[in-house]
Structures are given as C-alpha cells and as structure tokens.
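Raw contents of model-v1.txt, compact mmCIF, C-alpha atoms and all ligand atoms:
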# COMPACT_ATOMS: atom_id res chain seq x y z
CA MET T 1 18.27 -24.35 -41.38
CA ILE T 2 15.28 -26.45 -40.40
CA LYS T 3 14.31 -26.07 -36.75
CA ALA T 4 12.17 -28.33 -34.58
CA PRO T 5 9.36 -26.57 -32.73
CA GLU T 6 10.41 -25.18 -29.34
CA TYR T 7 8.38 -27.84 -27.52
CA VAL T 8 10.53 -30.49 -29.25
CA SER T 9 13.96 -28.81 -28.99
CA SER T 10 13.42 -28.23 -25.26
CA ILE T 11 12.95 -31.98 -24.54
CA LYS T 12 15.81 -33.65 -22.66
CA PRO T 13 16.58 -36.75 -24.75
CA TYR T 14 16.51 -40.24 -23.27
CA VAL T 15 20.15 -41.29 -23.00
CA PRO T 16 20.58 -44.99 -23.81
CA GLY T 17 23.21 -46.98 -21.92
CA LYS T 18 26.21 -48.31 -23.82
CA PRO T 19 26.13 -51.97 -24.89
CA VAL T 20 27.54 -54.16 -22.11
CA GLU T 21 30.29 -55.49 -24.43
CA GLU T 22 31.49 -51.94 -25.14
CA LEU T 23 31.50 -50.99 -21.46
CA GLU T 24 33.51 -54.10 -20.61
CA ARG T 25 36.01 -53.29 -23.35
CA GLU T 26 36.42 -49.69 -22.15
CA LEU T 27 36.77 -50.66 -18.49
CA GLY T 28 38.86 -53.75 -19.17
CA ILE T 29 36.47 -56.06 -17.26
CA LYS T 30 34.57 -59.26 -18.06
CA GLY T 31 31.42 -61.04 -16.90
CA SER T 32 29.51 -57.97 -15.72
CA VAL T 33 25.91 -58.25 -14.54
CA LYS T 34 23.15 -56.01 -15.86
CA LEU T 35 20.66 -54.97 -13.19
CA ALA T 36 19.64 -51.71 -14.86
CA SER T 37 16.52 -52.20 -16.99
CA ASN T 38 14.11 -54.40 -15.00
CA GLU T 39 14.43 -57.32 -17.40
CA ASN T 40 13.69 -60.94 -16.53
CA PRO T 41 17.05 -62.45 -15.48
CA LEU T 42 15.82 -65.97 -16.38
CA GLY T 43 15.53 -65.02 -20.04
CA PRO T 44 12.61 -65.73 -22.36
CA SER T 45 10.40 -68.81 -22.14
CA PRO T 46 11.86 -71.75 -24.12
CA ARG T 47 8.46 -71.97 -25.82
CA ALA T 48 8.89 -68.39 -27.09
CA ILE T 49 12.29 -69.31 -28.52
CA GLU T 50 10.76 -72.33 -30.30
CA ALA T 51 8.02 -70.11 -31.76
CA LEU T 52 10.70 -67.69 -32.97
CA SER T 53 12.61 -70.44 -34.75
CA ALA T 54 9.41 -71.64 -36.40
CA SER T 55 8.66 -68.12 -37.69
CA LEU T 56 12.06 -67.35 -39.21
CA GLY T 57 11.27 -68.89 -42.60
CA SER T 58 8.48 -66.40 -43.27
CA LEU T 59 10.45 -63.23 -42.60
CA ASN T 60 9.99 -62.27 -46.26
CA ARG T 61 6.30 -61.61 -45.43
CA TYR T 62 4.91 -58.55 -43.70
CA PRO T 63 3.55 -59.30 -40.25
CA ASP T 64 -0.17 -59.70 -39.60
CA GLY T 65 -1.05 -56.03 -39.07
CA GLY T 66 -4.13 -56.98 -37.05
CA GLY T 67 -2.22 -59.29 -34.70
CA TYR T 68 -5.01 -61.87 -35.12
CA TYR T 69 -3.52 -64.81 -33.18
CA LEU T 70 -1.92 -62.84 -30.37
CA LYS T 71 -5.03 -60.76 -29.83
CA GLY T 72 -7.07 -63.98 -29.84
CA ALA T 73 -4.81 -65.47 -27.17
CA LEU T 74 -4.93 -62.28 -25.06
CA SER T 75 -8.68 -62.03 -25.47
CA ARG T 76 -9.15 -65.58 -24.10
CA SER T 77 -6.67 -65.17 -21.27
CA LEU T 78 -8.01 -61.77 -20.12
CA ASP T 79 -11.68 -62.29 -20.99
CA VAL T 80 -11.83 -59.08 -23.05
CA LYS T 81 -12.98 -58.71 -26.66
CA GLU T 82 -10.49 -58.44 -29.50
CA ASP T 83 -11.71 -54.97 -30.42
CA GLU T 84 -10.82 -53.92 -26.87
CA LEU T 85 -7.13 -54.71 -27.51
CA ILE T 86 -4.32 -52.87 -29.30
CA LEU T 87 -0.77 -54.14 -29.83
CA GLY T 88 2.26 -51.86 -29.63
CA ASN T 89 5.97 -51.90 -30.43
CA GLY T 90 6.53 -52.15 -26.69
CA SER T 91 3.98 -50.52 -24.40
CA ASN T 92 6.16 -47.45 -24.93
CA GLU T 93 4.73 -47.02 -28.41
CA LEU T 94 1.20 -47.21 -27.01
CA ILE T 95 1.99 -44.35 -24.63
CA ASP T 96 3.01 -42.29 -27.67
CA ILE T 97 0.00 -43.30 -29.75
CA ALA T 98 -2.41 -42.52 -26.88
CA VAL T 99 -0.80 -39.10 -26.38
CA ARG T 100 -0.96 -38.27 -30.09
CA THR T 101 -4.55 -39.49 -30.28
CA PHE T 102 -5.99 -37.65 -27.31
CA LEU T 103 -3.81 -34.58 -26.59
CA SER T 104 -3.74 -31.39 -28.62
CA PRO T 105 -1.06 -28.71 -28.18
CA GLY T 106 -1.93 -26.71 -25.05
CA ASP T 107 -3.76 -29.61 -23.33
CA GLU T 108 -2.53 -30.95 -20.00
CA ALA T 109 -1.60 -34.44 -18.78
CA VAL T 110 -1.19 -35.20 -15.08
CA MET T 111 1.49 -37.63 -13.89
CA ALA T 112 3.54 -38.39 -10.80
CA PHE T 113 7.17 -37.48 -10.17
CA PRO T 114 9.35 -39.49 -10.13
CA SER T 115 7.60 -41.94 -12.41
CA PHE T 116 8.27 -43.45 -15.84
CA VAL T 117 10.36 -40.86 -17.71
CA VAL T 118 8.64 -41.48 -21.03
CA TYR T 119 5.29 -39.87 -20.00
CA PRO T 120 6.53 -36.26 -19.81
CA MET T 121 8.72 -36.70 -22.90
CA SER T 122 5.83 -37.97 -24.97
CA VAL T 123 3.40 -35.32 -23.71
CA LYS T 124 5.86 -32.47 -24.33
CA ALA T 125 6.60 -33.76 -27.84
CA GLN T 126 2.93 -33.20 -28.59
CA GLY T 127 3.13 -29.55 -27.48
CA ALA T 128 1.04 -30.38 -24.44
CA LYS T 129 1.88 -29.69 -20.79
CA ALA T 130 3.11 -32.36 -18.38
CA VAL T 131 1.78 -31.53 -14.90
CA GLU T 132 3.98 -33.48 -12.48
CA VAL T 133 2.76 -34.19 -8.93
CA PRO T 134 5.36 -35.35 -6.36
CA LEU T 135 4.97 -38.83 -4.90
CA MET T 136 3.88 -39.05 -1.29
CA ASP T 137 5.74 -41.67 0.79
CA MET T 138 7.12 -42.99 -2.54
CA ARG T 139 3.59 -43.65 -3.89
CA HIS T 140 1.33 -41.82 -6.35
CA ASP T 141 -0.61 -39.18 -4.41
CA LEU T 142 -3.86 -39.69 -6.29
CA GLU T 143 -5.76 -37.08 -4.23
CA ALA T 144 -3.18 -34.42 -5.12
CA MET T 145 -3.22 -35.58 -8.75
CA ALA T 146 -7.02 -35.19 -8.88
CA ASP T 147 -6.63 -31.70 -7.30
CA VAL T 148 -4.60 -30.40 -10.29
CA VAL T 149 -7.07 -31.60 -12.93
CA THR T 150 -8.42 -28.62 -14.91
CA PRO T 151 -10.73 -28.35 -17.92
CA LYS T 152 -7.54 -28.62 -20.03
CA THR T 153 -6.61 -32.01 -18.54
CA LYS T 154 -7.15 -34.80 -21.07
CA MET T 155 -4.94 -37.57 -19.65
CA LEU T 156 -3.77 -38.82 -16.26
CA PHE T 157 -0.97 -41.40 -15.99
CA ILE T 158 -0.67 -43.91 -13.16
CA ALA T 159 2.26 -46.33 -13.19
CA ASN T 160 1.02 -49.17 -11.00
CA PRO T 161 3.50 -50.47 -9.83
CA ASN T 162 5.47 -47.27 -10.18
CA ASN T 163 8.89 -47.16 -11.84
CA PRO T 164 11.33 -46.32 -10.15
CA THR T 165 9.87 -46.86 -6.65
CA GLY T 166 8.14 -50.25 -7.10
CA THR T 167 5.14 -49.07 -5.05
CA ILE T 168 1.46 -49.63 -5.85
CA ASN T 169 -1.84 -47.85 -5.44
CA THR T 170 -4.68 -49.80 -3.87
CA LYS T 171 -8.22 -50.60 -4.97
CA GLY T 172 -9.70 -48.00 -2.64
CA GLU T 173 -7.34 -45.25 -3.84
CA ILE T 174 -8.08 -45.84 -7.52
CA ASP T 175 -11.83 -46.12 -6.79
CA ARG T 176 -11.75 -42.72 -5.05
CA LEU T 177 -9.78 -41.18 -7.94
CA MET T 178 -12.21 -42.55 -10.54
CA ALA T 179 -15.15 -41.20 -8.55
CA ARG T 180 -13.58 -37.72 -8.50
CA LEU T 181 -12.41 -37.42 -12.12
CA PRO T 182 -14.63 -35.49 -14.51
CA ASP T 183 -15.74 -37.07 -17.78
CA GLY T 184 -13.29 -36.69 -20.68
CA VAL T 185 -10.02 -37.48 -18.88
CA LEU T 186 -8.34 -40.66 -20.16
CA VAL T 187 -6.75 -42.53 -17.24
CA VAL T 188 -3.72 -44.46 -18.48
CA VAL T 189 -2.91 -47.22 -16.00
CA ASP T 190 0.54 -48.53 -16.87
CA GLU T 191 0.81 -52.06 -15.50
CA ALA T 192 4.18 -53.07 -16.97
CA TYR T 193 4.99 -55.00 -13.74
CA PHE T 194 1.53 -56.17 -12.62
CA GLU T 195 2.39 -59.89 -12.79
CA TYR T 196 4.86 -59.43 -9.92
CA VAL T 197 2.41 -57.82 -7.49
CA ARG T 198 1.58 -59.87 -4.37
CA ASN T 199 -0.41 -57.33 -2.36
CA PRO T 200 -4.10 -58.44 -2.29
CA ASP T 201 -5.13 -54.77 -2.11
CA TYR T 202 -3.70 -54.09 -5.59
CA ALA T 203 -6.12 -52.07 -7.72
CA ASP T 204 -8.25 -53.95 -10.26
CA SER T 205 -8.10 -51.67 -13.28
CA LEU T 206 -10.02 -54.14 -15.48
CA ARG T 207 -13.09 -53.55 -13.30
CA HIS T 208 -13.08 -49.83 -14.16
CA PHE T 209 -12.49 -50.60 -17.82
CA ARG T 210 -15.45 -53.03 -17.75
CA ALA T 211 -17.60 -50.34 -16.13
CA GLY T 212 -17.08 -48.31 -19.30
CA ARG T 213 -14.68 -45.70 -17.90
CA ASP T 214 -12.22 -43.68 -20.02
CA MET T 215 -9.32 -45.94 -19.12
CA LEU T 216 -6.40 -47.38 -21.09
CA ILE T 217 -4.57 -50.25 -19.39
CA LEU T 218 -1.04 -50.86 -20.69
CA ARG T 219 0.87 -54.10 -20.27
CA THR T 220 4.01 -55.54 -21.79
CA PHE T 221 5.91 -58.67 -22.78
CA SER T 222 9.20 -56.89 -21.92
CA LYS T 223 9.28 -57.59 -18.20
CA ILE T 224 8.17 -60.91 -16.67
CA TYR T 225 7.78 -62.49 -20.14
CA GLY T 226 11.43 -61.76 -20.90
CA LEU T 227 10.92 -60.42 -24.44
CA ALA T 228 12.18 -56.81 -24.09
CA GLY T 229 14.39 -57.15 -27.17
CA LEU T 230 11.44 -57.98 -29.42
CA ARG T 231 9.40 -54.88 -28.46
CA ILE T 232 5.83 -55.91 -27.89
CA GLY T 233 3.13 -54.76 -25.47
CA TYR T 234 -0.64 -54.34 -25.45
CA GLY T 235 -3.37 -51.97 -24.38
CA ILE T 236 -6.92 -52.64 -23.17
CA ALA T 237 -9.68 -50.04 -23.54
CA ARG T 238 -13.22 -49.56 -24.78
CA PRO T 239 -13.54 -50.19 -28.56
CA GLU T 240 -14.19 -46.48 -29.26
CA ILE T 241 -10.84 -45.58 -27.66
CA ILE T 242 -9.00 -48.41 -29.47
CA ARG T 243 -10.58 -47.38 -32.79
CA GLU T 244 -9.24 -43.82 -32.49
CA MET T 245 -5.76 -45.03 -31.49
CA ASN T 246 -5.69 -47.48 -34.42
CA LYS T 247 -5.97 -44.54 -36.82
CA LEU T 248 -2.50 -43.39 -35.71
CA ARG T 249 -0.95 -46.84 -35.26
CA PRO T 250 1.50 -47.69 -38.06
CA PRO T 251 -0.05 -50.65 -39.97
CA PHE T 252 2.79 -53.10 -39.22
CA ASN T 253 3.94 -51.73 -35.86
CA THR T 254 4.50 -55.14 -34.21
CA ASN T 255 6.68 -57.60 -36.07
CA SER T 256 5.92 -61.23 -36.85
CA LEU T 257 8.61 -62.67 -34.55
CA ALA T 258 7.36 -60.61 -31.62
CA GLN T 259 3.75 -61.65 -32.19
CA ALA T 260 4.64 -65.36 -32.38
CA ALA T 261 6.94 -65.27 -29.36
CA ALA T 262 4.46 -63.29 -27.25
CA ALA T 263 1.63 -65.77 -27.92
CA ALA T 264 3.91 -68.68 -26.96
CA ALA T 265 5.18 -66.87 -23.85
CA LEU T 266 1.64 -66.13 -22.73
CA ALA T 267 0.85 -69.86 -22.78
CA ASP T 268 3.94 -70.80 -20.73
CA THR T 269 2.53 -70.39 -17.23
CA GLY T 270 5.34 -72.53 -15.81
CA HIS T 271 7.96 -70.00 -16.92
CA LEU T 272 5.85 -67.20 -15.47
CA GLU T 273 5.68 -68.94 -12.09
CA ARG T 274 9.42 -69.68 -12.09
CA SER T 275 10.09 -66.04 -12.91
CA LYS T 276 7.95 -64.92 -9.97
CA ASP T 277 9.76 -67.34 -7.65
CA VAL T 278 13.20 -66.10 -8.74
CA ASN T 279 12.04 -62.53 -8.12
CA GLU T 280 10.51 -63.35 -4.75
CA ASN T 281 13.62 -65.16 -3.51
CA GLY T 282 15.87 -62.37 -4.78
CA ARG T 283 13.69 -59.76 -3.13
CA ARG T 284 13.91 -61.49 0.26
CA TYR T 285 17.67 -61.93 -0.05
CA LEU T 286 18.22 -58.28 -1.02
CA TYR T 287 15.96 -57.02 1.80
CA THR T 288 17.98 -59.00 4.35
CA GLU T 289 21.34 -57.88 3.00
CA LEU T 290 20.36 -54.23 2.46
CA SER T 291 18.86 -54.05 5.96
CA ALA T 292 22.11 -55.42 7.37
CA LEU T 293 23.94 -52.62 5.52
CA GLY T 294 21.55 -50.02 6.93
CA VAL T 295 20.07 -49.11 3.52
CA ARG T 296 16.51 -47.75 3.80
CA TYR T 297 15.15 -49.31 0.59
CA THR T 298 11.53 -48.86 -0.49
CA PRO T 299 9.62 -52.18 -0.24
CA THR T 300 8.80 -53.24 -3.79
CA GLU T 301 5.89 -54.94 -5.57
CA ALA T 302 7.89 -55.21 -8.80
CA ASN T 303 11.23 -56.68 -9.96
CA PHE T 304 13.43 -53.78 -8.87
CA ILE T 305 14.34 -51.99 -5.65
CA TYR T 306 14.69 -48.24 -5.12
CA MET T 307 17.13 -47.15 -2.47
CA PRO T 308 18.60 -43.91 -1.16
CA VAL T 309 22.38 -43.53 -1.36
CA LYS T 310 24.56 -40.49 -0.60
CA ASP T 311 25.92 -39.85 -4.06
CA SER T 312 24.28 -42.00 -6.71
CA ALA T 313 26.55 -40.90 -9.58
CA SER T 314 29.78 -41.90 -7.86
CA ILE T 315 28.33 -45.15 -6.46
CA TYR T 316 26.94 -45.99 -9.90
CA ASP T 317 30.35 -45.38 -11.39
CA ALA T 318 32.19 -47.42 -8.77
CA LEU T 319 29.73 -50.32 -9.23
CA LEU T 320 30.23 -50.14 -12.98
CA ARG T 321 33.98 -50.55 -12.55
CA LYS T 322 33.25 -53.72 -10.57
CA GLY T 323 31.05 -55.01 -13.38
CA VAL T 324 27.68 -54.32 -11.73
CA ILE T 325 25.38 -52.17 -13.85
CA VAL T 326 22.52 -50.45 -12.00
CA ARG T 327 20.51 -47.29 -12.71
CA PRO T 328 21.20 -44.01 -10.87
CA MET T 329 17.98 -42.08 -10.23
CA GLY T 330 18.63 -38.42 -9.54
CA PRO T 331 21.44 -37.48 -7.15
CA GLY T 332 20.20 -39.50 -4.16
CA HIS T 333 18.83 -42.84 -5.32
CA LEU T 334 19.71 -46.04 -7.14
CA ARG T 335 17.32 -48.49 -8.77
CA VAL T 336 18.49 -52.08 -8.88
CA THR T 337 16.75 -54.85 -10.81
CA ILE T 338 16.34 -58.08 -8.85
CA GLY T 339 18.53 -60.63 -10.61
CA LEU T 340 19.56 -64.27 -10.27
CA PRO T 341 21.01 -65.32 -6.89
CA ASP T 342 24.66 -64.89 -7.95
CA GLU T 343 23.90 -61.52 -9.58
CA ASN T 344 22.23 -60.24 -6.42
CA ALA T 345 25.19 -61.45 -4.37
CA ARG T 346 27.60 -59.68 -6.77
CA PHE T 347 25.66 -56.45 -6.28
CA ILE T 348 25.72 -56.73 -2.47
CA GLU T 349 29.44 -57.54 -2.35
CA ALA T 350 30.19 -54.65 -4.71
CA ILE T 351 28.14 -52.02 -2.90
CA LYS T 352 29.16 -53.01 0.65
CA PRO T 353 32.44 -51.05 0.73
CA LEU T 354 30.89 -48.07 -1.08
CA LEU T 355 28.21 -47.18 1.48
C1 LIG S 401 6.36 -48.26 -16.02
C2 LIG S 401 6.84 -48.68 -17.37
N1 LIG S 401 6.01 -48.58 -18.40
C3 LIG S 401 6.38 -48.94 -19.64
C4 LIG S 401 7.64 -49.42 -19.89
C5 LIG S 401 8.02 -49.72 -21.32
O1 LIG S 401 8.03 -51.04 -21.58
P1 LIG S 401 8.06 -51.60 -23.07
O2 LIG S 401 9.31 -52.37 -23.17
O3 LIG S 401 6.81 -52.44 -23.16
O4 LIG S 401 8.01 -50.46 -24.02
C6 LIG S 401 8.55 -49.54 -18.85
C7 LIG S 401 9.93 -50.02 -19.11
O5 LIG S 401 10.85 -49.82 -18.40
C8 LIG S 401 8.13 -49.16 -17.55
O6 LIG S 401 8.98 -49.22 -16.52

Exercise: express the given structure as structure tokens:
Amino acid sequence: MIKAPEYVSSIKPYVPGKPVEELERELGIKGSVKLASNENPLGPSPRAIEALSASLGSLNRYPDGGGYYLKGALSRSLDVKEDELILGNGSNELIDIAVRTFLSPGDEAVMAFPSFVVYPMSVKAQGAKAVEVPLMDMRHDLEAMADVVTPKTKMLFIANPNNPTGTINTKGEIDRLMARLPDGVLVVVDEAYFEYVRNPDYADSLRHFRAGRDMLILRTFSKIYGLAGLRIGYGIARPEIIREMNKLRPPFNTNSLAQAAAAAALADTGHLERSKDVNENGRRYLYTELSALGVRYTPTEANFIYMPVKDSASIYDALLRKGVIVRPMGPGHLRVTIGLPDENARFIEAIKPLL
C-alpha cells in the first residue's frame, strides 16, 4: 500500500467545523450565531456583490491568471509595483507556496506558539522543522525568536496581529528583530487583520519591504473585506521573491469571481469604515461585559477576543447547545469573534451562567 512520507503522516490534520445548518439539525436548535472564524459579521460590500453578479456570465472562461485588474488596483492603493504582488487562493495558499519555494527538507522555520495553526502544518508538510517559541505576555517574543535562528533557519513567521491572541508587535520590536536577523531568512509578516489595528505603534512592515529586506507581507480579503468564502489574498515582496513563488503558483489559482469581488471591495472604503466601527463598538461592549463577569481577556487589536476559561471544551460545548459557536483554543482558552450587537449580547447571555 502507498504510504505518505513520515513527515506527512505525522501531521495532525486541520479539523473543519460542521456546517451551521447540520449542527442546528443535530442539536435541534435554530438561529445560531457563528463567532468562530473571525469573519466580518456585516457581510461583503454591496459593491463586491454587484461585481460578482456582473462576472457570472463569463464563468465559461478561465480566470485572468495574472490577476491584471486586481493587482493594478492593489498597486495603486498600496503604492507598490505590480511585480511586487502575488495573489493567492486565500493568504493560506501563499503561506504554502512560500514554504514550498524557500524551505528544503531539513531546513528550519521559526514561529510563535500559540499562533496561526497553518504555519507548522505547512512547514512540516515540506519535511522541514517548525521551531515554536512561546508567546511572552500573549505577544510574539521576537528577541527569543531571533535567539533560536540557526544557519538552517530559512523562514520566520510573525502574525501581526497574532491569531488567537489579537496582540501586535510594535515598530521598535520589528526594527530590532530585522537588525538582528542574518541575511537569507525570509520574514513572513502575516497581516490578515491589519485593517483593524488602532495602536499608533503598530509595526510598518512596508517600510522594511521598501528597504529591500527579505520580507513577505501577507494580507487577505477574508477578514475585514468579508470575502472569506471566495478565497483570495495577496502577498507583497521584492520582485525576485515573487518571481520564485510564481514558479510554484498554479496558473489559475485565484478565480474570476474572487478577483472581481476583491477589486470592488477594495474600492468600497465606506464599507471598510463601517466594518471597523462595528468591530470597535463590539469590542467596547464585550470588554465591559467580560470585565463585569471577571473574565481576564487579552486586549485585542483585531476582530476577536482571546480569554481564559476553566474548561474550554465543556464551555464550548455548552455554548454550542445554546446556539453560540466560538472556538476553543487548547484546554484553557476560548477565542470569540466580535460580532453584531445582538450576536455579542447572545454570547454574553449564554456564557454568563457557565463561568
Ligand atoms: C493569522 C491568519 N493568517 C492567515 C489566515 C488565512 O486567511 P485566508 O482566508 O486569507 O486564507 C487567517 C485566517 O484565519 C489568519 O488568522
């Protein structure tokens, strides 16, 4: 019988949640709220939906493999050149492509723990080693991450803001890291939630990219732009890095609907601002209510809140039965996406008796 290599068979698979409709059927409930995947509770921009409708008639055609219009729009809005951009089937695919492009079996990639679960999975699938460095005070400990860099280290991941904690690293911290790193380590700065950040000290990764550093900045249309279902994200790096990654990118990796909707969403700054406001109001409400319940949540710069609970599996389960879907994180924490006002209130009412 065919066998996968040991470095593949030893990977713990990502377990997808059941569809909400199926859960409701099994539990005999209706009208549940999904606060589990850090999606935009407002939905996509109406302009993205219009662009989708306008594209449906040409679904018989392959998409534009070069992403000409979307890259043009991104290039103008970010002031980067088109050959400094790469589109991915979600930023998730770009993590995979970067790993396959720059890591050989036996190489090492440094990352924080806990952080986005896909980094170690992707690195291990390449036969490389994921070197995980514990967070300090819920934030990436960039000094400790630089300490474990060896001649075998080819990549270093920073989720900024971090998932699941919602914390950021500052300008000064990233500057110090970049000054310490030897040449030949690709720093992947994953900014899936950067649009939500309010802290003026937030690191400016584009500055390091413009200074010619080995940096890949990843962003996505899945979060504040509300297009998670379409799967589209982008990366920014020097043209030499993008050129190598493009060799491994499937020719039609982003579909035509996603490209059209993303370009329209990018132009809808009103929807972006409304989405930030909804998040900000929800954040304040949840802070007040969680504080009143004595929950020591981690202050967030993103659209989700990480909080310690005694037994996350049983609280998760009890919330589920009340129609509130959150994400358990290890035995002692929950991660809750900030939702619409009534969704946040549902969550608070449901968790109150469980604490
Ligand atoms: C830190 C981080 N990076 C990347 C992603 C993947 O996003 P995408 O939908 O663009 O693949 C997520 C999604 O949860 C995330 O939290």

*Which residues come within 6 Å of Leu186 in chain T, counting all atoms listed in the file, excluding same-chain residues fewer than 2 positions away, as a list in words?*
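Neighbouring residues, sequence-local ones excluded: Met155, Asp214 and Met215 of chain T.
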
*Could the residues that lie within 10 Å of ligand LIG 401 (chain S), counting all atoms listed in the file, be listed as JSON, numbers by chain?*
{"T": [36, 37, 38, 39, 88, 89, 90, 91, 92, 93, 94, 95, 115, 116, 117, 118, 119, 158, 159, 160, 161, 162, 163, 164, 166, 189, 190, 191, 192, 193, 194, 218, 219, 220, 221, 222, 223, 226, 227, 228, 229, 230, 231, 232, 233, 234, 302, 304]}

*asked:* Between T:Ile325, T:Ala258, T:Val197, T:Ile97, which residue has the minimum interatomic distance to Leu216 in chain T, considering all atoms listed in the file?
replied: T:Ile97

*asked:* Please list as a PyMOL selection string every residue within 7 Å of range 332-336 of chain T, counting all atoms listed in the file and excluding residues in the same chain fewer than 4 positions away.
replied: chain T and resi 35-36+164+304-312+326-328

*Between CA of Val148 in chain T and CA of Pro182 in chain T - distance in Å to one decimal*: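 Separation of CA of Pro182 in chain T and CA of Val148 in chain T: 12.0 Å.
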
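Using only C-alpha atoms, the residues found no farther than 10 Å from Asp141 in chain T, other than those of its own chain fewer than 4 positions away, are Met111, Ala112, Phe113, Val133, Pro134, Leu135, Met136, Asp137, Met145, Ala146, Ile158, Asn169 and Glu173 of chain T.
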
Store the residues of this selection in a file with C-alpha atoms, as a short mmCIF file (atom, residue, chain, number, x, y, z; two decimals), in the coordinates of the input.
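What landed in part19.cif:
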data_model
loop_
_atom_site.label_atom_id
_atom_site.label_comp_id
_atom_site.auth_asym_id
_atom_site.auth_seq_id
_atom_site.Cartn_x
_atom_site.Cartn_y
_atom_site.Cartn_z
CA MET T 111 1.49 -37.63 -13.89
CA ALA T 112 3.54 -38.39 -10.80
CA PHE T 113 7.17 -37.48 -10.17
CA VAL T 133 2.76 -34.19 -8.93
CA PRO T 134 5.36 -35.35 -6.36
CA LEU T 135 4.97 -38.83 -4.90
CA MET T 136 3.88 -39.05 -1.29
CA ASP T 137 5.74 -41.67 0.79
CA MET T 145 -3.22 -35.58 -8.75
CA ALA T 146 -7.02 -35.19 -8.88
CA ILE T 158 -0.67 -43.91 -13.16
CA ASN T 169 -1.84 -47.85 -5.44
CA GLU T 173 -7.34 -45.25 -3.84
#

*Which of these residues is nearest to Arg198 in chain T, using all atoms listed in the file: T:Lys276, T:Lys81, T:His271, T:Arg238?*
T:Lys276

*Quick one: distance from CA of Thr254 in chain T to CA of Thr165 in chain T in Å, one decimal?*
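Result for CA of Thr254 in chain T versus CA of Thr165 in chain T: 29.3 Å, one decimal.
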
*Given the choices T:Ala292, T:Ile217, T:Leu257, T:Val324, which gets closest to Arg61 in chain T if the distance is worked out from only C-alpha atoms?*
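The closest residue to Arg61 in chain T is T:Leu257.
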
*Distance of CA of Pro251 in chain T from CA of Ala125 in chain T, expressed in Å to one decimal place*: 21.8 Å

Give me the residues within 9 Å of Ala345 in chain T as a PDB file with C-alpha atoms, in the coordinates of the input, counting all atoms listed in the file and dropping any in the same chain fewer than 4 places off.
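Writing the result to result.pdb gives the following:
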ATOM      1  CA  TYR T 285      17.670 -61.930  -0.050  1.00  0.00           C
ATOM      2  CA  LEU T 286      18.220 -58.280  -1.020  1.00  0.00           C
ATOM      3  CA  LEU T 340      19.560 -64.270 -10.270  1.00  0.00           C
ATOM      4  CA  PRO T 341      21.010 -65.320  -6.890  1.00  0.00           C
ATOM      5  CA  GLU T 349      29.440 -57.540  -2.350  1.00  0.00           C
ATOM      6  CA  ALA T 350      30.190 -54.650  -4.710  1.00  0.00           C
TER       7      ALA T 350
END

*asked:* Please list as a PyMOL selection string every residue within 9 Å of Ala260 in chain T, counting all atoms listed in the file and excluding residues in the same chain fewer than 5 positions away.
replied: chain T and resi 48+51-52+54-55+69-70+255+265

*Which one of T:Pro46, T:Val15, T:Pro120, T:Glu84 sits closest to Thr269 in chain T if you count all atoms listed in the file?*
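Once distances to Thr269 in chain T are computed over all atoms listed in the file, the minimum belongs to T:Pro46.
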
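Residues with any atom within 12 Å of the point (4.6, -70.4, -14.3), counting all atoms listed in the file, are T:Ser45, T:Glu195, T:Tyr196, T:Ile224, T:Tyr225, T:Ala265, T:Leu266, T:Ala267, T:Asp268, T:Thr269, T:Gly270, T:His271, T:Leu272, T:Glu273, T:Arg274, T:Ser275, T:Lys276, T:Asp277, T:Val278.
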
*Would you list the residues near (-8.7, -26.5, -19.3) (no more than 9 Å away, in the coordinates of the file, using all atoms listed in the file) as a VMD selection string?*
chain T and resid 106 to 108 149 to 154

*Proximity to Met329 in chain T - best of T:Ser9, T:Arg284, T:Pro114, T:Pro44, only C-alpha atoms*: T:Pro114

*From the list T:Leu56, T:Val123, T:Ile338, T:Ala4, which residue is nearest Arg283 in chain T when using only C-alpha atoms?*
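Of T:Leu56, T:Val123, T:Ile338, T:Ala4, the one nearest Arg283 in chain T is T:Ile338, counting only C-alpha atoms.
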